[in-house]
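A.B. asks: Structure in structure tokens, see below.
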Amino acid sequence: MRVVLAGFGAVGRRVAQHLVLDDAVESLVVIARDIPRAEFHARALGGKVEVRNENDGDPPVGDVMVLATPRSNRRVAESAVVSGSHVVSCADDPSDVKALLSSDRLARAEGKSIVAGAAMAPGLTCVLAAHLRSRFDSVEEIHVASVGTGGPECARRHHAALSSLSLDWEDGEWRRRPGGSGRELVWFPEPVGGADCYRAALADALLLLPAFPGCRKITSRFEATRRDRMTAWLPMLRPPHPEGLVGAARVEMRGWVDGQAVTAIYGSAIAPAVAAAVVASRAAIWAGNGQLTRAGAGGMAEMIPDPAIFLKEIAQFGVYVSVFEGQPAPS
């Protein structure tokens with residue numbers, strides 16, 4: 001298959017590394033802004049890679065397009081679908097996710113898939129939720145939390161998200177609350193451990209609700225410090241780290257099994273850029289091989305037909321899943 005990769009930052013470079021090592025990928029076209037830097041990194045990836053300038057007109061046609069950019073362009077995604085490409089997007093901004101999901105009718109008509117939010121949270125968290133569903137007779141609540149950022153643009157996006165309204169699903173309607181509110185101490189797999197997490201403009205509920213239409217409550221939070229919350233309304237006070245090195249994601253599901261209330265928790269502790277790249281690259285391979293659930297636009301929880309197999313595949317690349325085996329305290 002021929003893959004087109006838009007974006008060559010902390011996540012994009014790792015996506016390229018995974019794709020060139022897969023025998024199913026015959027060629028990879030990288031669309032970048034900084035051409036000399038992209039060509040420098042591309043030389044280490046071998047002869048499968050071709051670098052093109054993002055200003056050279058419309059993107060080339062491929063079997064799959066991966067959007068590893070901080071914001072996904074709906075026009076580019078729809079153009080790729082019309083040209084015969086599946087699309088996998090790493091963007092996690094709610095407005096970008098909404099725009100991609102609104103292309104569902106076009107993607108269905110073209111017989112192609114648009115996978116939105118294929119990163120760590122959302123992305124990995126959506127697959128964890130889909131896998132957790134098999135343990136329940138019915139699902140009442142899903143609570144997602146995460147720690148860390150993938151790279152500089154991801155850090156800036158999360159910084160801005162703290163000053164925006166959160167979007168949660170509660171009792172049949174969308175609830176918007178101020179970012180930085182709703183402090184909750186969340187325990188992640190080691191070595192991350194406990195972290196204070198807060199509401200923010202996150203897209204998890206947008207992607208999980210279509211996969212869990214009867215769910216009563218879906219929320220999302222991410223870790224932040226007091227300084228993060230106090231300065232969220234200002235530009236970032238110092239440049240973000242080139243790549244987030246410590247991170248984690250966790251999904252807590254509550255529901256019913258044989259008439260009893262049950263809580264189950266999955267999590268993963270890994271650098272966010274690593275997790276996002278593995279999830280996005282495997283989603284691209286599944287799309288190119290025709291392994292996704294359906295044509296149209298949706299999140300990973302909808303598009304991955306067998307979450308257990310997907311989780312086994314990404315475990316080969318270091319994305320391991322931890323299971324909480326204790327007994328949670330009564331609420």
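Labels used: A, B, ... for chains in the order of the structure tokens, numbers from 1 for residues in each chain, and numbers from 1 for ligands as shown.
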Please extract the residues of region 118-257 of chain A with a backbone DSSP assignment of helix (DSSP H, G or I) and present them as number ranges by chain.
C.D. replies: A: 124-135, 152-161, 204-211, 226-230
A.B. asks: Using only C-alpha atoms, which protein or nucleic acid residues come within 8 Å of region 179-194 of chain A? Drop anything in the same chain fewer than 5 positions from it, and give the result as a list in words.
C.D. replies: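 In the requested form, the answer reads Ala145, Ala161, Leu162, Ser163, Ser164, Leu165, Ser166, Arg199, Ala200, Ala201, Arg229, Val246, Gly247, Ala248, Ala249, Arg250, Gly267, Ser268, Ala269 and Ser322 of chain A.
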A.B. asks: Would you mind exporting the chosen residues as a PDB file, in the first residue's frame, restricted to N, CA and C atoms?
C.D. replies:
ATOM      1  N   ALA A 145      -9.067   9.426  31.687  1.00  0.00           N
ATOM      2  CA  ALA A 145      -8.094  10.383  32.229  1.00  0.00           C
ATOM      3  C   ALA A 145      -6.743  10.116  31.583  1.00  0.00           C
ATOM      4  N   ALA A 161      -6.596  24.025  26.107  1.00  0.00           N
ATOM      5  CA  ALA A 161      -7.789  23.272  26.481  1.00  0.00           C
ATOM      6  C   ALA A 161      -8.211  23.561  27.918  1.00  0.00           C
ATOM      7  N   LEU A 162      -7.237  23.884  28.782  1.00  0.00           N
ATOM      8  CA  LEU A 162      -7.563  24.176  30.181  1.00  0.00           C
ATOM      9  C   LEU A 162      -8.349  25.463  30.342  1.00  0.00           C
ATOM     10  N   SER A 163      -8.261  26.350  29.362  1.00  0.00           N
ATOM     11  CA  SER A 163      -8.997  27.613  29.439  1.00  0.00           C
ATOM     12  C   SER A 163     -10.290  27.575  28.628  1.00  0.00           C
ATOM     13  N   SER A 164     -10.650  26.399  28.114  1.00  0.00           N
ATOM     14  CA  SER A 164     -11.863  26.243  27.311  1.00  0.00           C
ATOM     15  C   SER A 164     -12.877  25.383  28.060  1.00  0.00           C
ATOM     16  N   LEU A 165     -14.093  25.349  27.547  1.00  0.00           N
ATOM     17  CA  LEU A 165     -15.151  24.582  28.189  1.00  0.00           C
ATOM     18  C   LEU A 165     -14.985  23.092  27.915  1.00  0.00           C
ATOM     19  N   SER A 166     -15.192  22.292  28.952  1.00  0.00           N
ATOM     20  CA  SER A 166     -15.146  20.842  28.780  1.00  0.00           C
ATOM     21  C   SER A 166     -16.442  20.364  28.146  1.00  0.00           C
ATOM     22  N   ARG A 199     -11.063  18.920  34.352  1.00  0.00           N
ATOM     23  CA  ARG A 199     -11.818  19.041  33.110  1.00  0.00           C
ATOM     24  C   ARG A 199     -11.070  19.940  32.125  1.00  0.00           C
ATOM     25  N   ALA A 200     -11.305  19.715  30.836  1.00  0.00           N
ATOM     26  CA  ALA A 200     -10.705  20.533  29.783  1.00  0.00           C
ATOM     27  C   ALA A 200     -11.461  20.253  28.490  1.00  0.00           C
ATOM     28  N   ALA A 201     -11.131  20.985  27.448  1.00  0.00           N
ATOM     29  CA  ALA A 201     -11.770  20.791  26.137  1.00  0.00           C
ATOM     30  C   ALA A 201     -11.160  19.555  25.488  1.00  0.00           C
ATOM     31  N   ARG A 229      -3.110  25.618  35.583  1.00  0.00           N
ATOM     32  CA  ARG A 229      -4.462  26.170  35.649  1.00  0.00           C
ATOM     33  C   ARG A 229      -4.434  27.692  35.754  1.00  0.00           C
ATOM     34  N   VAL A 246       6.992  11.352  29.797  1.00  0.00           N
ATOM     35  CA  VAL A 246       6.253  10.584  30.799  1.00  0.00           C
ATOM     36  C   VAL A 246       4.765  10.799  30.556  1.00  0.00           C
ATOM     37  N   GLY A 247       4.034   9.711  30.521  1.00  0.00           N
ATOM     38  CA  GLY A 247       2.602   9.847  30.290  1.00  0.00           C
ATOM     39  C   GLY A 247       1.859   8.579  30.654  1.00  0.00           C
ATOM     40  N   ALA A 248       0.544   8.675  30.665  1.00  0.00           N
ATOM     41  CA  ALA A 248      -0.287   7.520  30.977  1.00  0.00           C
ATOM     42  C   ALA A 248      -1.716   7.824  30.554  1.00  0.00           C
ATOM     43  N   ALA A 249      -2.471   6.775  30.375  1.00  0.00           N
ATOM     44  CA  ALA A 249      -3.900   6.902  30.056  1.00  0.00           C
ATOM     45  C   ALA A 249      -4.652   5.833  30.829  1.00  0.00           C
ATOM     46  N   ARG A 250      -5.884   6.142  31.153  1.00  0.00           N
ATOM     47  CA  ARG A 250      -6.676   5.231  31.964  1.00  0.00           C
ATOM     48  C   ARG A 250      -8.149   5.346  31.585  1.00  0.00           C
ATOM     49  N   GLY A 267      -5.466   0.591  32.028  1.00  0.00           N
ATOM     50  CA  GLY A 267      -4.579   1.746  31.891  1.00  0.00           C
ATOM     51  C   GLY A 267      -3.301   1.375  31.184  1.00  0.00           C
ATOM     52  N   SER A 268      -2.525   2.382  30.832  1.00  0.00           N
ATOM     53  CA  SER A 268      -1.232   2.167  30.189  1.00  0.00           C
ATOM     54  C   SER A 268      -0.333   3.345  30.517  1.00  0.00           C
ATOM     55  N   ALA A 269       0.903   3.053  30.940  1.00  0.00           N
ATOM     56  CA  ALA A 269       1.883   4.093  31.230  1.00  0.00           C
ATOM     57  C   ALA A 269       2.944   4.058  30.139  1.00  0.00           C
ATOM     58  N   SER A 322      -2.341  -2.312  31.483  1.00  0.00           N
ATOM     59  CA  SER A 322      -2.416  -2.754  32.877  1.00  0.00           C
ATOM     60  C   SER A 322      -3.878  -2.862  33.285  1.00  0.00           C
TER      61      SER A 322
END
A.B. asks: Excluding region 43-51 of chain A and any residue of its chain fewer than 6 positions from it, enumerate the residues within 9 Å of it, using only C-alpha atoms, and give them as an MDAnalysis selection string.
C.D. replies: chainID A and resid 16:17 20:21 25:32 35
A.B. asks: I want to know what sits within 9 Å of Val66 (chain A), based on only C-alpha atoms, with residues of the same chain fewer than 2 positions away left out; could you give that as number ranges by chain?
C.D. replies: A: 3-7, 12, 15, 64, 68-69, 86-90, 280-281, 284
A.B. asks: Mind the document's chain letters and residue numbers, and return as a PyMOL selection string the residues of region 107-141 of chain A that DSSP labels strand (DSSP E).
C.D. replies: chain A and resi 113-115+138-141
A.B. asks: Would you export the selected residues with C-alpha atoms as a PDB file, in the first residue's frame, please?
C.D. replies:
ATOM      1  CA  SER A 113     -13.080   5.291   6.399  1.00  0.00           C
ATOM      2  CA  ILE A 114     -12.089   8.364   8.407  1.00  0.00           C
ATOM      3  CA  VAL A 115     -10.636   7.389  11.794  1.00  0.00           C
ATOM      4  CA  SER A 138     -24.547  -3.121  30.130  1.00  0.00           C
ATOM      5  CA  VAL A 139     -22.382  -0.016  30.487  1.00  0.00           C
ATOM      6  CA  GLU A 140     -23.520   2.927  32.610  1.00  0.00           C
ATOM      7  CA  GLU A 141     -20.446   5.189  32.893  1.00  0.00           C
TER       8      GLU A 141
END
A.B. asks: Given the choices A:Val127, A:Val81, A:Leu207, A:Ala10, which gets closest to Leu245 (chain A) if the distance is worked out from only C-alpha atoms?
C.D. replies: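 Residue with the minimum atom-to-atom distance to Leu245 (chain A): A:Ala10.
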A.B. asks: Using only C-alpha atoms, which protein or nucleic acid residues come within 7 Å of Ala119 (chain A)? Drop anything in the same chain fewer than 5 positions from it, and give the result as number ranges by chain.
C.D. replies: A: 90, 124, 275-277, 279-280
A.B. asks: May I ask for the distance between CA of Pro235 (chain A) and CA of Glu153 (chain A), given in Å to one decimal place?
C.D. replies: 12.9 Å
A.B. asks: A:Glu252, A:Asp168, A:Asp204, A:Glu173: which is nearest Ala118 (chain A), counting only C-alpha atoms?
C.D. replies: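 Using only C-alpha atoms, Ala118 (chain A) sits closest to A:Asp204.
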A.B. asks: Counting only C-alpha atoms, figure out which residue out of A:Arg14, A:Lys217, A:Arg108, A:Arg254 gets nearest to Leu167 (chain A).
C.D. replies: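 For Leu167 (chain A), the nearest of the candidates is A:Lys217.
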A.B. asks: Please report the interatomic distance between CA of Met253 (chain A) and CA of Met303 (chain A) in Å with one decimal.
C.D. replies: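 So the answer is 19.5 Å.
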A.B. asks: List the spatial neighbours of Phe324 (chain A) as JSON, numbers by chain - criterion: any atom at most 8 Å away, only C-alpha atoms, same-chain residues fewer than 5 positions off excluded.
C.D. replies: {"A": [264, 265, 266, 267]}
